[in-house]
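Structure below is run-v1.cif: mmCIF, C-alpha atoms.
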```cif
data_my_file
loop_
_atom_site.label_atom_id
_atom_site.label_comp_id
_atom_site.auth_asym_id
_atom_site.auth_seq_id
_atom_site.Cartn_x
_atom_site.Cartn_y
_atom_site.Cartn_z
CA MET B 6 27.47 -55.59 34.33
CA THR B 7 31.15 -54.67 33.97
CA GLY B 8 32.37 -51.12 34.34
CA SER B 9 32.96 -50.88 30.61
CA SER B 10 29.51 -52.15 29.66
CA ALA B 11 27.87 -49.93 32.30
CA PHE B 12 29.65 -46.90 30.85
CA GLU B 13 28.57 -47.84 27.33
CA ALA B 14 24.96 -48.25 28.49
CA TRP B 15 25.17 -44.82 30.13
CA VAL B 16 26.42 -43.30 26.85
CA GLU B 17 23.60 -45.01 24.95
CA GLU B 18 21.13 -43.59 27.45
CA ALA B 19 22.46 -40.13 26.66
CA ARG B 20 22.26 -40.79 22.92
CA ALA B 21 18.62 -41.83 23.31
CA VAL B 22 17.64 -38.33 24.43
CA THR B 23 15.91 -36.55 21.55
CA LEU B 24 17.08 -33.21 20.21
CA GLU B 25 13.74 -31.66 21.17
CA GLU B 26 14.21 -32.82 24.77
CA ALA B 27 17.82 -31.63 24.80
CA VAL B 28 16.96 -28.14 23.55
CA ALA B 29 13.95 -27.72 25.86
CA GLY B 30 14.56 -24.90 28.30
CA ARG B 31 17.46 -23.57 26.24
CA SER B 32 15.39 -21.67 23.66
CA SER B 33 11.79 -20.58 23.22
CA ALA B 34 12.47 -18.92 19.85
CA LEU B 35 12.53 -22.09 17.73
CA LYS B 36 9.47 -22.51 15.51
CA TRP B 37 8.22 -25.42 13.45
CA ARG B 38 8.81 -24.91 9.75
CA GLY B 39 8.53 -27.67 7.17
CA GLY B 40 9.06 -30.47 9.68
CA GLU B 41 12.02 -28.76 11.37
CA LEU B 42 12.52 -26.55 14.41
CA VAL B 43 14.15 -23.40 13.06
CA GLY B 44 15.33 -20.16 14.64
CA PRO B 45 18.27 -18.43 16.28
CA CYS B 46 20.98 -20.55 17.86
CA PRO B 47 20.69 -20.38 21.69
CA LEU B 48 24.46 -19.77 21.75
CA CYS B 49 25.35 -17.98 18.50
CA GLY B 50 22.17 -15.99 17.85
CA GLY B 51 21.20 -15.11 14.29
CA GLU B 52 17.71 -15.42 12.82
CA ASP B 53 17.16 -18.81 11.17
CA THR B 54 20.69 -20.20 11.25
CA PHE B 55 19.84 -23.03 13.69
CA ALA B 56 17.67 -26.02 12.81
CA ILE B 57 16.70 -29.36 14.33
CA ASN B 58 15.42 -32.20 12.15
CA PRO B 59 13.69 -34.68 14.51
CA ARG B 60 13.22 -37.28 11.77
CA LYS B 61 16.93 -37.42 10.96
CA ARG B 62 17.88 -36.79 14.63
CA VAL B 63 20.40 -34.10 13.67
CA PHE B 64 20.88 -30.40 14.28
CA ILE B 65 22.85 -27.77 12.41
CA CYS B 66 24.14 -24.35 13.42
CA ARG B 67 25.31 -22.51 10.32
CA ARG B 68 26.59 -19.58 12.32
CA GLY B 69 28.68 -21.71 14.68
CA ASP B 70 29.62 -24.29 12.03
CA ALA B 71 28.38 -27.18 14.18
CA GLY B 72 26.05 -30.10 13.74
CA GLY B 73 25.24 -33.67 14.73
CA ASP B 74 23.14 -35.50 17.32
CA ALA B 75 21.89 -34.41 20.75
CA LEU B 76 25.30 -35.04 22.32
CA ALA B 77 27.00 -32.86 19.73
CA MET B 78 24.38 -30.15 20.27
CA VAL B 79 24.94 -30.08 24.04
CA GLN B 80 28.70 -29.89 23.50
CA HIS B 81 28.14 -26.96 21.10
CA LEU B 82 25.66 -25.07 23.29
CA ASP B 83 27.30 -25.71 26.66
CA GLY B 84 30.95 -25.66 25.60
CA CYS B 85 31.66 -29.00 27.25
CA ASP B 86 33.31 -32.30 26.34
CA PHE B 87 31.68 -35.61 25.45
CA VAL B 88 31.52 -37.06 28.97
CA VAL B 89 30.07 -33.89 30.47
CA ALA B 90 27.47 -33.79 27.67
CA CYS B 91 26.45 -37.35 28.65
CA GLU B 92 26.17 -36.23 32.29
CA ILE B 93 23.94 -33.32 31.30
CA LEU B 94 21.63 -35.49 29.19
CA THR B 95 21.35 -38.39 31.67
CA GLY B 96 21.36 -36.23 34.78
CA ARG B 97 23.96 -38.40 36.52
CA PRO B 98 27.73 -38.99 36.49
CA PRO B 99 29.35 -41.87 34.58
CA PRO B 100 29.12 -45.25 36.37
CA ASP B 101 32.21 -46.63 38.09
CA ARG B 102 34.26 -43.63 37.04
CA GLU B 103 35.22 -40.31 38.48
CA ARG B 104 32.67 -37.60 37.88
CA GLY B 105 33.37 -36.07 34.48
CA GLU B 106 33.09 -32.54 35.81
CA THR B 107 33.87 -31.15 39.26
CA ASP B 108 31.77 -28.46 40.86
CA ALA B 109 34.57 -25.95 40.23
CA ALA B 110 34.84 -26.97 36.59
CA ARG B 111 31.07 -26.75 36.19
CA ALA B 112 31.07 -23.23 37.66
CA GLU B 113 33.93 -22.24 35.37
CA ARG B 114 32.11 -23.60 32.33
CA ALA B 115 28.89 -21.83 33.31
CA ALA B 116 30.78 -18.56 33.75
CA ALA B 117 32.47 -18.98 30.37
CA GLN B 118 29.14 -19.74 28.75
CA ALA B 119 27.55 -16.67 30.36
CA ALA B 120 30.45 -14.55 29.14
CA ARG B 121 30.02 -15.86 25.59
CA GLN B 122 26.29 -15.14 25.68
CA ALA B 123 26.90 -11.63 27.06
CA GLU B 124 29.45 -11.01 24.31
CA ARG B 125 26.99 -12.25 21.70
CA ALA B 126 24.20 -10.08 23.13
CA ALA B 127 26.48 -7.02 23.04
CA ALA B 128 27.51 -7.79 19.46
CA GLU B 129 23.88 -8.24 18.39
CA LEU B 130 22.92 -4.97 20.08
CA ALA B 131 25.75 -3.16 18.29
CA GLN B 132 24.70 -4.77 15.00
CA GLU B 133 21.08 -3.77 15.63
CA ASP B 134 22.15 -0.17 16.34
CA GLU B 135 24.18 -0.18 13.13
CA SER B 136 21.26 -1.65 11.17
CA ASN B 137 18.86 0.92 12.63
CA ALA B 138 21.23 3.72 11.68
CA PHE B 139 21.53 2.34 8.14
CA ARG B 140 17.74 1.98 7.83
CA ALA B 141 17.26 5.57 9.02
CA LYS B 142 19.74 6.84 6.44
CA GLU B 143 18.20 4.71 3.70
CA LEU B 144 14.71 5.95 4.58
CA ALA B 145 15.98 9.55 4.40
CA ARG B 146 17.48 8.85 0.96
CA CYS B 147 14.17 7.36 -0.21
CA ARG B 148 12.29 10.44 1.04
CA ASP B 149 14.73 12.76 -0.74
CA LEU B 150 14.38 10.83 -4.01
CA PHE B 151 10.59 10.91 -3.78
CA ARG B 152 10.52 14.64 -2.95
CA ALA B 153 12.77 15.34 -5.93
CA SER B 154 10.34 13.60 -8.29
CA VAL B 155 7.62 15.38 -10.28
CA ALA B 156 3.90 14.90 -10.92
CA LEU B 157 2.97 12.46 -13.68
CA PRO B 158 1.38 14.70 -16.37
CA GLY B 159 3.64 15.09 -19.40
CA THR B 160 6.35 12.75 -18.10
CA ALA B 161 7.89 9.52 -19.37
CA ALA B 162 6.14 7.72 -16.49
CA GLU B 163 2.73 8.87 -17.72
CA ALA B 164 3.67 7.82 -21.26
CA TYR B 165 4.69 4.41 -19.93
CA LEU B 166 1.30 3.96 -18.25
CA HIS B 167 -0.52 5.05 -21.41
CA ARG B 168 1.45 2.50 -23.40
CA ARG B 169 0.11 -0.17 -21.04
CA GLY B 170 -3.42 1.15 -21.54
CA LEU B 171 -3.44 2.71 -18.07
CA VAL B 172 -4.15 6.05 -16.45
CA ALA B 173 -3.32 7.13 -12.92
CA PRO B 174 -6.21 7.33 -10.44
CA PRO B 175 -7.25 10.76 -9.13
CA GLY B 176 -5.16 11.85 -6.16
CA THR B 177 -2.52 9.25 -6.94
CA TRP B 178 0.79 9.19 -5.10
CA LEU B 179 2.55 7.89 -8.21
CA ARG B 180 5.34 10.21 -9.39
CA CYS B 181 8.09 10.41 -12.01
CA ALA B 182 11.82 10.75 -11.46
CA PRO B 183 13.37 12.15 -14.67
CA LYS B 184 16.84 10.74 -13.85
CA HIS B 185 16.66 7.96 -11.28
CA PRO B 186 19.86 6.05 -10.30
CA TYR B 187 19.96 2.26 -10.52
CA TRP B 188 22.41 0.94 -7.92
CA GLU B 189 23.97 -2.52 -8.19
CA HIS B 190 26.63 -4.49 -6.31
CA VAL B 191 29.51 -4.88 -8.79
CA ALA B 192 33.22 -5.76 -8.76
CA ASP B 193 35.37 -2.88 -7.54
CA GLY B 194 38.55 -3.93 -9.39
CA ARG B 195 40.33 -4.84 -6.15
CA GLY B 196 38.86 -8.29 -5.63
CA GLY B 197 35.84 -7.01 -3.72
CA LYS B 198 32.46 -5.53 -4.51
CA ALA B 199 30.95 -2.09 -4.12
CA TRP B 200 27.61 -0.41 -4.80
CA ARG B 201 27.70 1.64 -7.99
CA VAL B 202 25.20 3.39 -10.26
CA ILE B 203 25.04 1.29 -13.45
CA HIS B 204 22.06 3.00 -15.07
CA GLU B 205 20.25 6.31 -14.80
CA GLY B 206 17.00 7.22 -16.47
CA PRO B 207 13.33 8.09 -16.02
CA ALA B 208 11.38 5.98 -13.54
CA LEU B 209 7.86 5.61 -12.23
CA LEU B 210 8.06 6.04 -8.46
CA ALA B 211 5.61 4.85 -5.83
CA PRO B 212 5.78 5.19 -2.04
CA VAL B 213 5.74 2.01 0.03
CA ILE B 214 3.57 2.29 3.15
CA GLY B 215 4.94 0.10 5.92
CA LEU B 216 3.53 -1.88 8.81
CA THR B 217 2.99 1.27 10.89
CA GLY B 218 1.05 3.04 8.14
CA ARG B 219 3.93 5.43 7.43
CA PHE B 220 6.31 5.91 4.50
CA ALA B 221 8.76 2.99 4.63
CA GLY B 222 10.37 2.74 1.21
CA LEU B 223 10.34 3.50 -2.48
CA HIS B 224 9.32 1.38 -5.47
CA ALA B 225 10.81 2.27 -8.85
CA THR B 226 10.08 1.10 -12.40
CA TRP B 227 12.76 2.28 -14.84
CA ILE B 228 11.42 3.35 -18.22
CA ASP B 229 12.75 3.10 -21.78
CA LEU B 230 10.06 4.13 -24.24
CA ALA B 231 12.22 2.93 -27.14
CA ARG B 232 11.50 -0.65 -26.09
CA PRO B 233 8.19 -2.39 -26.86
CA SER B 234 7.51 -3.05 -23.16
CA GLY B 235 8.31 0.55 -22.24
CA LYS B 236 10.58 -0.74 -19.46
CA ALA B 237 14.33 -0.31 -19.28
CA GLU B 238 16.67 -3.31 -19.36
CA PRO B 239 19.69 -2.47 -17.18
CA VAL B 240 22.65 -4.78 -17.81
CA HIS B 241 25.02 -5.98 -15.10
CA PRO B 242 28.49 -4.72 -16.06
CA ASN B 243 30.25 -7.88 -14.82
CA THR B 244 27.93 -10.67 -15.92
CA GLY B 245 26.02 -9.16 -18.84
CA GLU B 246 22.79 -10.27 -17.13
CA VAL B 247 19.69 -8.22 -17.88
CA LEU B 248 18.50 -6.98 -14.50
CA PRO B 249 14.90 -6.37 -13.36
CA ALA B 250 13.40 -3.02 -14.34
CA LYS B 251 11.74 -2.79 -10.90
CA LYS B 252 13.33 -2.39 -7.48
CA VAL B 253 12.23 -1.59 -3.94
CA ARG B 254 14.35 0.33 -1.45
CA GLY B 255 13.85 0.83 2.27
CA SER B 256 12.08 -1.33 4.86
CA ALA B 257 9.56 -2.80 2.49
CA LYS B 258 8.60 -6.15 4.09
CA GLY B 259 4.91 -6.14 4.97
CA GLY B 260 4.38 -2.89 3.09
CA HIS B 261 2.10 -1.98 0.20
CA ILE B 262 1.69 0.65 -2.53
CA PRO B 263 -1.61 2.55 -2.23
CA LEU B 264 -3.12 3.22 -5.66
CA VAL B 265 -6.74 4.07 -4.81
CA ARG B 266 -7.39 5.15 -1.23
CA CYS B 267 -10.50 5.33 0.96
CA GLU B 268 -10.98 6.46 4.57
CA ARG B 269 -12.87 3.40 5.88
CA PRO B 270 -12.79 0.83 3.08
CA THR B 271 -15.08 -2.16 2.90
CA THR B 272 -13.42 -3.85 -0.11
CA LEU B 273 -9.76 -4.48 -0.92
CA PHE B 274 -8.25 -5.31 -4.30
CA LEU B 275 -4.65 -6.46 -3.81
CA GLY B 276 -2.31 -7.60 -6.58
CA GLU B 277 1.36 -8.03 -7.26
CA GLY B 278 2.23 -5.32 -9.78
CA ILE B 279 1.07 -1.72 -10.12
CA GLU B 280 0.01 -2.44 -13.70
CA THR B 281 -2.12 -5.45 -12.69
CA VAL B 282 -4.00 -3.54 -10.01
CA LEU B 283 -4.58 -0.46 -12.16
CA SER B 284 -5.88 -2.70 -14.97
CA VAL B 285 -8.54 -4.18 -12.70
CA TRP B 286 -9.46 -0.73 -11.37
CA LEU B 287 -9.94 0.61 -14.93
CA ALA B 288 -11.96 -2.45 -15.99
CA LEU B 289 -14.30 -2.05 -13.02
CA GLN B 290 -14.59 1.68 -13.76
CA ALA B 291 -15.55 0.93 -17.37
CA CYS B 292 -18.44 -1.34 -16.35
CA GLY B 293 -19.57 0.74 -13.37
CA ASP B 294 -19.01 -2.09 -10.93
CA PRO B 295 -20.76 -1.36 -7.58
CA ARG B 296 -17.79 -2.80 -5.68
CA LEU B 297 -15.89 0.40 -6.43
CA GLU B 298 -17.86 2.13 -3.69
CA GLY B 299 -15.71 1.96 -0.56
CA ALA B 300 -12.90 0.08 -2.31
CA VAL B 301 -9.14 0.45 -1.98
CA PHE B 302 -6.66 -0.79 -4.60
CA ARG B 303 -3.17 -1.75 -3.50
CA SER B 304 -0.05 -3.28 -4.99
CA GLY B 305 1.94 -5.72 -2.85
CA TYR B 306 4.84 -5.40 -5.38
CA SER B 307 5.84 -9.07 -4.97
CA LEU B 308 4.12 -12.41 -4.43
CA GLY B 309 6.41 -13.14 -1.51
CA ASN B 310 5.32 -9.97 0.21
CA ILE B 311 1.60 -10.66 -0.38
CA GLY B 312 1.84 -14.23 0.90
CA GLY B 313 4.47 -13.69 3.56
CA ARG B 314 6.52 -16.50 5.04
CA ALA B 315 5.14 -20.02 4.65
CA ALA B 316 4.78 -22.39 7.59
CA GLY B 317 6.45 -25.11 5.55
CA SER B 318 7.39 -26.30 2.09
CA VAL B 319 5.57 -28.66 -0.28
CA PRO B 320 6.73 -30.64 -3.32
CA HIS B 321 6.21 -28.88 -6.65
CA PRO B 322 3.84 -30.94 -8.84
CA SER B 323 6.08 -30.81 -11.92
CA ASP B 324 9.49 -29.24 -11.22
CA VAL B 325 12.24 -31.64 -10.17
CA THR B 326 15.82 -31.37 -8.98
CA VAL B 327 18.60 -33.85 -9.75
CA ASP B 328 21.28 -34.50 -7.14
CA ARG B 329 24.91 -35.53 -7.74
CA LEU B 330 23.90 -39.19 -7.80
CA GLY B 331 21.34 -38.55 -10.52
CA ARG B 332 18.35 -38.98 -8.22
CA ARG B 333 15.31 -36.95 -9.22
CA ARG B 334 13.17 -35.32 -6.55
CA ALA B 335 10.32 -32.86 -6.60
CA ARG B 336 11.52 -29.33 -5.95
CA ARG B 337 10.39 -28.04 -2.56
CA VAL B 338 8.57 -24.70 -2.69
CA PRO B 339 6.82 -22.51 -0.07
CA GLY B 340 3.44 -24.02 0.77
CA PRO B 341 -0.05 -22.47 1.04
CA VAL B 342 -0.17 -22.31 4.86
CA PRO B 343 1.22 -19.05 6.30
CA ASP B 344 3.52 -18.61 9.27
CA LEU B 345 1.22 -16.22 11.11
CA GLY B 346 4.03 -15.17 13.43
CA ALA B 347 5.89 -13.50 10.54
CA PRO B 348 5.15 -9.92 9.35
CA SER B 349 2.36 -9.49 6.82
CA ILE B 350 0.58 -6.67 5.03
CA PRO B 351 -1.91 -5.16 7.51
CA VAL B 352 -5.45 -4.62 6.26
CA PRO B 353 -8.24 -2.35 7.56
CA ASP B 354 -10.57 -3.92 10.11
CA THR B 355 -13.54 -2.41 8.23
CA LEU B 356 -13.18 -4.87 5.33
CA THR B 357 -16.04 -7.15 4.41
CA ALA B 358 -14.54 -8.42 1.13
CA ALA B 359 -11.08 -8.77 -0.37
CA TYR B 360 -9.84 -9.90 -3.79
CA LEU B 361 -6.29 -11.15 -4.35
CA LEU B 362 -5.55 -10.82 -8.05
CA GLY B 363 -3.94 -13.87 -9.64
CA ASP B 364 -1.76 -13.33 -12.69
CA SER B 365 -1.47 -16.49 -14.80
CA ASP B 366 1.74 -15.65 -16.67
CA SER B 367 4.11 -17.19 -14.13
CA ASP B 368 4.45 -20.43 -12.15
CA ARG B 369 0.89 -21.31 -11.12
CA THR B 370 1.88 -23.33 -8.04
CA LEU B 371 4.07 -20.58 -6.57
CA THR B 372 1.47 -17.92 -7.34
CA GLU B 373 -1.46 -19.93 -5.99
CA ASN B 374 0.36 -20.87 -2.78
CA ALA B 375 1.37 -17.25 -2.16
CA LEU B 376 -2.16 -15.96 -2.73
CA LYS B 377 -3.62 -18.65 -0.46
CA ARG B 378 -1.21 -17.57 2.27
CA GLY B 379 -2.22 -13.95 1.70
CA ALA B 380 -5.91 -14.87 1.89
CA ALA B 381 -5.38 -16.76 5.14
CA ARG B 382 -3.53 -13.76 6.60
CA ILE B 383 -6.43 -11.44 5.74
CA ARG B 384 -8.95 -13.84 7.32
CA HIS B 385 -6.74 -14.04 10.40
CA GLN B 386 -6.74 -10.24 10.73
CA VAL B 387 -10.43 -9.75 9.84
CA PRO B 388 -12.28 -13.06 10.42
CA ALA B 389 -15.56 -11.79 8.95
CA CYS B 390 -13.92 -10.73 5.66
CA ARG B 391 -14.75 -12.80 2.56
CA VAL B 392 -11.64 -13.38 0.43
CA GLY B 393 -11.67 -14.37 -3.25
CA ILE B 394 -8.86 -15.06 -5.73
CA PRO B 395 -9.88 -14.12 -9.30
CA TRP B 396 -7.47 -15.32 -12.01
CA ALA B 397 -6.43 -13.86 -15.33
CA PRO B 398 -6.73 -16.28 -18.30
CA GLU B 399 -3.96 -18.86 -18.69
CA GLY B 400 -0.68 -17.30 -19.81
CA GLU B 401 -1.86 -13.73 -19.22
CA ASP B 402 -1.91 -11.08 -16.52
CA PHE B 403 -4.73 -8.58 -16.03
CA ASN B 404 -2.91 -5.92 -18.03
CA ASP B 405 -2.76 -8.32 -21.00
CA VAL B 406 -6.53 -8.76 -20.66
CA LEU B 407 -7.12 -4.98 -20.55
CA ARG B 408 -4.97 -4.26 -23.62
CA ARG B 409 -6.48 -7.14 -25.58
CA ALA B 410 -9.97 -5.84 -24.84
CA ALA B 411 -8.95 -2.35 -26.01
CA ALA B 412 -7.33 -3.56 -29.23
#
```

This structure in structure tokens:
Amino acid sequence: MTGSSAFEAWVEEARAVTLEEAVAGRSSALKWRGGELVGPCPLCGGEDTFAINPRKRVFICRRGDAGGDALAMVQHLDGCDFVVACEILTGRPPPDRERGETDAARAERAAAQAARQAERAAAELAQEDESNAFRAKELARCRDLFRASVALPGTAAEAYLHRRGLVAPPGTWLRCAPKHPYWEHVADGRGGKAWRVIHEGPALLAPVIGLTGRFAGLHATWIDLARPSGKAEPVHPNTGEVLPAKKVRGSAKGGHIPLVRCERPTTLFLGEGIETVLSVWLALQACGDPRLEGAVFRSGYSLGNIGGRAAGSVPHPSDVTVDRLGRRRARRVPGPVPDLGAPSIPVPDTLTAAYLLGDSDSDRTLTENALKRGAARIRHQVPACRVGIPWAPEGEDFNDVLRRAAA
């Protein structure tokens, strides 16, 4: 074999190393998600900015703007050239050539890499300190807003609930803010963006209880009793878009809104919206359902929060996307299997039964997958707990059912 062909064979040997083999020992934070290894870049950090696709034999680092095969990944992570990357992957120097990297050069590269990693670690620590300070200030703002609110009787918030056929449970933590600010990121007139109050009005407030069982955020529903729905319709000043009437502030991931509380509950009713959960509570009250004994009722305020992160994506059965070449593909959506390593709403270990309330007025696939993930999370926390998913009739949520029955 000539020197040239031996060198080419050596390069091909390096190219044959898989990305999974090349990254082994460099990171333990990568997790399988939807057929890819995803997580922080071993060099650049981040959260889920780094991904390896074994089927396509490519990696991407969005934070470091790098991508390619195993050789490109080693060059990115180790800060070396092509020949040195081949040495690292094959474990031997190039044939019939001078070693691509001297011992001194290798030590210099290792020192430079350690310096980059130390710089990144310091930057991440500073960013974490800044984030913690921001979260502490935001939590203090949420507490101040909640303390400034008033009890429900006689308020616009109570009138809003009555319009939906609802009443607040005894001992509720629901409150009303007579003039609650609606903050939005808008153009500042200088080519940038800034947070500004674009609407102010009455709002139904609810505390969000976080992963530690303590106050972690604030849920608000802005009210406009002049509208049929009773909810306000804030408009974005730049785009004219009608914005959601509901917002959550604070550290809300994995949190919940307690609506009916119990010291050692045996049954949990968990739904997306406050209105949905209160509708089921009132319906069970009206028929004297025995499951009310020892039951807690909670709002998860979003399907994503109830289901948590999915372990992978699945094709949507009907929605498609069309690429630039006109090719139609099923849209990928979060699947029904949860990533149990991600945060989720904690549930009491005293539960024997749980019901995840399925509204049928939105995308059924997304809703069903999220509730299946939520059910799996509850079973993971309390294996003996029976979990059911009751559904509202097609095209309706449970508040529609309650109001129709009362009409």

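For the choices B:Val406, B:Leu275, B:Ala221, B:Val301, the atom-to-atom distance to Ala141 in chain B is smallest for B:Ala221 when using only C-alpha atoms.
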
message = (7.4, 4.7, -3.1) in this file's frame - what residues fall within 8 Å of it? Use only C-alpha atoms and give the answer as a list in words.
response = Cys147, Phe151, Leu179, Leu210, Ala211, Pro212, Val213, Ile214, Phe220, Gly222, Leu223, His224, Ala225, Val253 and Ile262 of chain B

query = What residues come out when you apply the PyMOL selection byres ((chain B and resi 271) around 10) to this file, written as number ranges by chain?
reply = B: 267-270, 272-273, 296-301, 353-359, 390

request  = Just the residues within 6 Å of Gly276 in chain B, please, counting all atoms listed in the file, with nothing from its chain fewer than 6 positions along; format it as a PyMOL selection string.
outcome  = chain B and resi 282+304-305+361-362

Taking C-alpha atoms for each residue, export the selection above as a PDB file, in the frame of the given file.
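Everything below was put into part08.pdb:
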```pdb
ATOM      1  CA  VAL B 282      -4.000  -3.540 -10.010  1.00  0.00           C
ATOM      2  CA  SER B 304      -0.050  -3.280  -4.990  1.00  0.00           C
ATOM      3  CA  GLY B 305       1.940  -5.720  -2.850  1.00  0.00           C
ATOM      4  CA  LEU B 361      -6.290 -11.150  -4.350  1.00  0.00           C
ATOM      5  CA  LEU B 362      -5.550 -10.820  -8.050  1.00  0.00           C
TER       6      LEU B 362
END
```

inquiry  = I'd like the contact shell of Pro343 in chain B - 12 Å cut-off, only C-alpha atoms, skipping same-chain residues fewer than 3 positions apart - returned as a PyMOL selection string.
reply    = chain B and resi 37-39+309-318+339-340+346-349+374-385

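Coordinates place CA of Asn137 in chain B at a distance of 21.7 Å from CA of Glu189 in chain B.
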
key: Residues returned when the PyMOL selection byres ((chain B and resi 238) around 12) runs on this file, as an MDAnalysis selection string   = chainID B and resid 187 203:206 226:237 239:241 245:251

Could you take the residues named above and write them with C-alpha atoms, as a PDB file, keeping the file's coordinate frame?
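Okay, part.pdb is ready:
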```
ATOM      1  CA  TYR B 187      19.960   2.260 -10.520  1.00  0.00           C
ATOM      2  CA  ILE B 203      25.040   1.290 -13.450  1.00  0.00           C
ATOM      3  CA  HIS B 204      22.060   3.000 -15.070  1.00  0.00           C
ATOM      4  CA  GLU B 205      20.250   6.310 -14.800  1.00  0.00           C
ATOM      5  CA  GLY B 206      17.000   7.220 -16.470  1.00  0.00           C
ATOM      6  CA  THR B 226      10.080   1.100 -12.400  1.00  0.00           C
ATOM      7  CA  TRP B 227      12.760   2.280 -14.840  1.00  0.00           C
ATOM      8  CA  ILE B 228      11.420   3.350 -18.220  1.00  0.00           C
ATOM      9  CA  ASP B 229      12.750   3.100 -21.780  1.00  0.00           C
ATOM     10  CA  LEU B 230      10.060   4.130 -24.240  1.00  0.00           C
ATOM     11  CA  ALA B 231      12.220   2.930 -27.140  1.00  0.00           C
ATOM     12  CA  ARG B 232      11.500  -0.650 -26.090  1.00  0.00           C
ATOM     13  CA  PRO B 233       8.190  -2.390 -26.860  1.00  0.00           C
ATOM     14  CA  SER B 234       7.510  -3.050 -23.160  1.00  0.00           C
ATOM     15  CA  GLY B 235       8.310   0.550 -22.240  1.00  0.00           C
ATOM     16  CA  LYS B 236      10.580  -0.740 -19.460  1.00  0.00           C
ATOM     17  CA  ALA B 237      14.330  -0.310 -19.280  1.00  0.00           C
ATOM     18  CA  PRO B 239      19.690  -2.470 -17.180  1.00  0.00           C
ATOM     19  CA  VAL B 240      22.650  -4.780 -17.810  1.00  0.00           C
ATOM     20  CA  HIS B 241      25.020  -5.980 -15.100  1.00  0.00           C
ATOM     21  CA  GLY B 245      26.020  -9.160 -18.840  1.00  0.00           C
ATOM     22  CA  GLU B 246      22.790 -10.270 -17.130  1.00  0.00           C
ATOM     23  CA  VAL B 247      19.690  -8.220 -17.880  1.00  0.00           C
ATOM     24  CA  LEU B 248      18.500  -6.980 -14.500  1.00  0.00           C
ATOM     25  CA  PRO B 249      14.900  -6.370 -13.360  1.00  0.00           C
ATOM     26  CA  ALA B 250      13.400  -3.020 -14.340  1.00  0.00           C
ATOM     27  CA  LYS B 251      11.740  -2.790 -10.900  1.00  0.00           C
TER      28      LYS B 251
END
```

message = Residues near range 23-28 of chain B, anyone? I mean within 8 Å using all atoms listed in the file, not counting same-chain ones fewer than 5 positions away, as a PyMOL selection string.
response = chain B and resi 57+59+62-64+74-75+78-79+94

ask   = Which of these residues is nearest to Gly218 in chain B, using all atoms listed in the file: B:Gly260, B:Gly44, B:Gly50, B:Pro158?
value = B:Gly260
